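**Q** Please find one structure pasted underneath; my questions will follow.
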Amino acid sequence: VTFDWAGTDAMRIGLVVHRCLQHAAERQLTDWQDAGRVVGMLIEEGVQPAGLSAAAQQVNQAMQTTMRDEQGQWLMAAHENAAAELPLTVVVEGRIERLVIDRTFIADGVRWIIDYKTSRHEGSDLEGFLAQEAARYTPQLTRYAAALHSLEPERAVRAALYFPLLSVLREVTVGGAG
């Protein structure tokens, strides 16, 4: 078995960023003061001591960037019917499916679904990377949109990916959700 430690740490960093964003949204934080808790969360997720400092720096960067970013502030703001890490159980084609929506809320009468992506992009083609990520996650966001649309059939649903490390909110077209 080959282990991709960088990929494993990236996954663990993503889990901690999601927990921190949930914490920030639920408590309506306007700046990030919980940097000390990050190390403990990373240890809980299994980040090894050798990678702990870099991982903590990445999580704190994601949080600070989100808190300074106008789009990030909008996502974290108090909205009608807002939820973070919303668990849903739906039946799709006779199968039970469990979903967890990173962030959802109603703004201007529209149900928004936001999926956080802690991917880093260090190449030159940011637009190409964002288009690829949007294509990659459209099926997932479409499932989320269909699930929420079934609960609120009269409400339009829009979905987006948010990249906290890049300060980018990228809307994704989801079919059949109003």
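Every chain in the structure tokens has a letter given in the order shown (A, B, ...), and although residue numbers restart at 1 in each chain, ligands are simply numbered from 1 in the order shown.
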Select from range 73-148 of chain A every residue with an atom at most 10 Å from any atom of range 30-52 of chain A, then for each give the shortest pair of atoms and their distance in Å to one decimal, using only C-alpha atoms, rows by chain and rising number, as a tab-separated table.

**A**
residue	atom	partner	partner_atom	distance
A:Gln73	CA	A:Thr30	CA	7.6
A:Met76	CA	A:Thr30	CA	8.4
A:Ala77	CA	A:Thr30	CA	8.7

**Q** What are the DSSP strand (DSSP E) residues of chain A, as a ChimeraX atom specification?

**A** /A:80-92,95-107,110-116,157-163,168-172

**Q** Could you give me the residues within range 12-170 of chain A that DSSP places in helix (DSSP H, G or I), as number ranges by chain?

**A** A: 12-27, 35-45, 49-68, 70-76, 126-151

**Q** Sort by chain and increasing residue number a table of all residues of range 53-96 of chain A within 6 Å of range 103-117 of chain A, each with its closest pair of atoms and their distance in Å to one decimal, counting only C-alpha atoms, and write it as a Markdown table.

**A**
| residue | atom | partner | partner_atom | distance |
| --- | --- | --- | --- | --- |
| A:His79 | CA | A:Phe105 | CA | 5.8 |
| A:Glu80 | CA | A:Ile106 | CA | 5.1 |
| A:Asn81 | CA | A:Phe105 | CA | 5.4 |
| A:Ala82 | CA | A:Phe105 | CA | 4.0 |
| A:Ala83 | CA | A:Thr104 | CA | 5.4 |
| A:Ala84 | CA | A:Arg103 | CA | 4.5 |

**Q** Could you list, as a list in words, every residue within 8 Å of Leu148 in chain A, counting only C-alpha atoms and ignoring same-chain residues fewer than 4 positions away?

**A**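 Skipping anything fewer than 4 positions along the chain leaves Tyr144, Glu152 and Val157 of chain A.
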
**Q** Which is closest to Glu26 in chain A among A:Leu86, A:Leu130, A:Ala10, A:Ala54, if we use only C-alpha atoms?

**A** A:Leu86

**Q** Can you pull out every residue within 12 Å of Leu29 in chain A, counting only C-alpha atoms, but drop anything in the same chain fewer than 5 positions away, and send it as a ChimeraX atom specification?

**A** /A:20-24,34,63-64,66-68,72-78

**Q** CA of Ile13 in chain A to CA of Glu97 in chain A: how many Å, to one decimal?

**A**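 Interatomic distance, CA of Ile13 in chain A to CA of Glu97 in chain A: 25.2 Å.
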